[in-house]
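Single-structure report; data block below.
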Amino acid sequence: MKSALLIGASSSVGTSVINIFSEGGYNILATYTNSVIEKSDNVLPIKLDLSSDRSISNFLDYIKSNKLKFDVCIFLSGVLPGKNLYEYSIEEIDKVMNINFIAFSKLYKDLEKYLNNQSQLIAVSSISAQRGSYDPIYAASKGALISFVKSISQINPNKTRANAIAPGLIDDTSMFNDMDPARQEFHINQSPTKKLTTKEDLSKIIFDMTKPHWSNINGEVIKVNGGSYV
């Protein structure tokens, strides 16, 4: 049975990703920070606080001591304050950059050895990484994630291919639901297709990327935004 590591599985999209990989026959190690994930026969939740170097170290020790190996590593974590540059405190800048990029680079440096041959890294970035955003720190952190993935893709692609997904606003996520209706309508109308991607459809896209017909895709950014940024 194949195995998947979902980092940030308690995010808004996490439950859908867990469900589709579980239905697809994967054993899943799913990390969470605060919202606990339900354990099942093939889903093992484990706490990982990306803001803590100790938590990252303990997590890697757990993988090593249990001799775990993964066919897919999916990075779902992210925080979006939705502030302009002048509203940020220094501490908030550090937090966003750390959670959205720096902590993952610290983690992946050692995690790579626990990925199987013909494995994959899939990182969920954002349309903001390519288009820019009202929130420049969030955009910069997700842009750094894309640059990291592109660099990783060149190291040993015959062992691990690395790709990113850059979705627009996802329907029925906490980010979407926290917006007032006028702002929600703005994002819908901004897309030429006049609709937003659902959590379930984004999860299906992520799962499909693990299939053999994607085997020569490496170092790419898959845009999922209805054409609002091309």
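Residues in the structure tokens are named by chain (A, B, ... in the order shown) and by number from 1 within that chain; ligands are numbered from 1 in the order shown.
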Original post:
Got a sec: who's within 8 Å of range 205-217 of chain A, counting only C-alpha atoms, leaving out chain neighbours fewer than 4 positions off, as a list in words?
Top reply: Val17, Ile20, Phe21, Val72, Gln120, Ile122, Arg161, Asn163 and Asp201 of chain A
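Every protein, DNA or RNA residue with an atom at most 9 Å from Asn34 in chain A, where only C-alpha atoms count and chain neighbours fewer than 6 positions away do not, is listed here: A:Ser10, A:Lys47, A:Asp49.
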**OP:** Show which residues sit within 12 Å of Ser65 in chain A, as a PyMOL selection string. Count only C-alpha atoms, and ignore same-chain residues fewer than 6 positions away.
**Re:** chain A and resi 58-59+114
Preceding selection exported with N, CA and C atoms as an mmCIF file, in the first residue's frame:
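Ended up saving to again_36.cif:
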data_model
loop_
_atom_site.group_PDB
_atom_site.id
_atom_site.type_symbol
_atom_site.label_atom_id
_atom_site.label_comp_id
_atom_site.auth_asym_id
_atom_site.auth_seq_id
_atom_site.Cartn_x
_atom_site.Cartn_y
_atom_site.Cartn_z
ATOM 1 N N ASN A 58 11.200 16.755 16.761
ATOM 2 C CA ASN A 58 10.509 15.588 17.326
ATOM 3 C C ASN A 58 9.741 14.822 16.253
ATOM 4 N N PHE A 59 9.167 15.556 15.325
ATOM 5 C CA PHE A 59 8.420 14.939 14.223
ATOM 6 C C PHE A 59 9.344 14.091 13.350
ATOM 7 N N TYR A 114 13.417 10.313 3.661
ATOM 8 C CA TYR A 114 12.341 9.370 3.990
ATOM 9 C C TYR A 114 11.301 9.266 2.872
#
**OP:** Could you pull out the residues in range 60-173 of chain A that DSSP calls strand (DSSP E or B) from the backbone, as an MDAnalysis selection string?
**Re:** chainID A and resid 70:75 115:124 160:167 170:171
Hey, can you spit out that residue selection with C-alpha atoms as a PDB file, in the first residue's frame?
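What follows is the written file result30.pdb:
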ATOM      1  CA  PHE A  70       6.439   8.040   1.878  1.00  0.00           C
ATOM      2  CA  ASP A  71       5.433   7.966  -1.765  1.00  0.00           C
ATOM      3  CA  VAL A  72       3.866  11.415  -1.649  1.00  0.00           C
ATOM      4  CA  CYS A  73       4.534  14.471   0.499  1.00  0.00           C
ATOM      5  CA  ILE A  74       1.892  17.226   0.298  1.00  0.00           C
ATOM      6  CA  PHE A  75       2.423  20.613   1.931  1.00  0.00           C
ATOM      7  CA  LEU A 115      10.786   9.628   0.535  1.00  0.00           C
ATOM      8  CA  ASN A 116      10.694   6.509  -1.624  1.00  0.00           C
ATOM      9  CA  ASN A 117      12.085   6.260  -5.129  1.00  0.00           C
ATOM     10  CA  GLN A 118       9.612   7.640  -7.706  1.00  0.00           C
ATOM     11  CA  SER A 119       8.074   9.776  -4.972  1.00  0.00           C
ATOM     12  CA  GLN A 120       6.523  13.212  -5.264  1.00  0.00           C
ATOM     13  CA  LEU A 121       6.470  16.519  -3.454  1.00  0.00           C
ATOM     14  CA  ILE A 122       3.363  18.614  -4.077  1.00  0.00           C
ATOM     15  CA  ALA A 123       3.235  22.043  -2.432  1.00  0.00           C
ATOM     16  CA  VAL A 124       0.088  24.152  -2.351  1.00  0.00           C
ATOM     17  CA  THR A 160      11.492  12.706  -6.179  1.00  0.00           C
ATOM     18  CA  ARG A 161       9.597  14.975  -8.536  1.00  0.00           C
ATOM     19  CA  ALA A 162       8.515  18.336  -7.110  1.00  0.00           C
ATOM     20  CA  ASN A 163       5.616  20.476  -8.304  1.00  0.00           C
ATOM     21  CA  ALA A 164       3.425  23.245  -6.926  1.00  0.00           C
ATOM     22  CA  ILE A 165      -0.231  24.166  -7.267  1.00  0.00           C
ATOM     23  CA  ALA A 166      -1.250  27.832  -7.287  1.00  0.00           C
ATOM     24  CA  PRO A 167      -5.013  28.032  -6.725  1.00  0.00           C
ATOM     25  CA  ILE A 170     -11.140  28.231  -2.814  1.00  0.00           C
ATOM     26  CA  ASP A 171     -14.876  28.057  -2.200  1.00  0.00           C
TER      27      ASP A 171
END
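In terms of minimum interatomic distance to Gly143 in chain A, A:Val221 ranks closest within A:Asn177, A:Thr198, A:Val221, A:Phe186, counting only C-alpha atoms.
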Original post:
Could you pull the residues within 10 Å of Thr193 in chain A, counting only C-alpha atoms, minus those fewer than 5 positions along the same chain, as number ranges by chain?
Top reply: A: 188, 225-228
Just to be explicit: take each residue in the selection above, keep N, CA, C and O atoms, and write the result as a compact mmCIF listing (two decimals), in the first residue's frame.
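Listed below is the output, again-v5.txt:
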# COMPACT_ATOMS: atom_id res chain seq x y z
N ILE A 188 -15.45 35.91 -7.34
CA ILE A 188 -16.15 35.07 -8.31
C ILE A 188 -16.18 35.76 -9.67
O ILE A 188 -15.89 35.15 -10.71
N ASN A 225 -7.26 28.67 -11.36
CA ASN A 225 -7.88 29.94 -10.98
C ASN A 225 -8.94 30.41 -11.97
O ASN A 225 -9.36 31.57 -11.91
N GLY A 226 -9.36 29.54 -12.90
CA GLY A 226 -10.40 29.92 -13.84
C GLY A 226 -9.95 30.92 -14.90
O GLY A 226 -10.78 31.44 -15.65
N GLY A 227 -8.65 31.20 -14.94
CA GLY A 227 -8.15 32.16 -15.90
C GLY A 227 -8.05 33.58 -15.38
O GLY A 227 -7.79 34.50 -16.16
N SER A 228 -8.23 33.77 -14.06
CA SER A 228 -8.14 35.12 -13.51
C SER A 228 -6.70 35.62 -13.49
O SER A 228 -6.46 36.82 -13.43
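Distance annotation: of A:Leu145, A:Met175, A:Ala139, A:Val43, the residue with the minimal separation from Ala4 in chain A is A:Val43; atom set is only C-alpha atoms.
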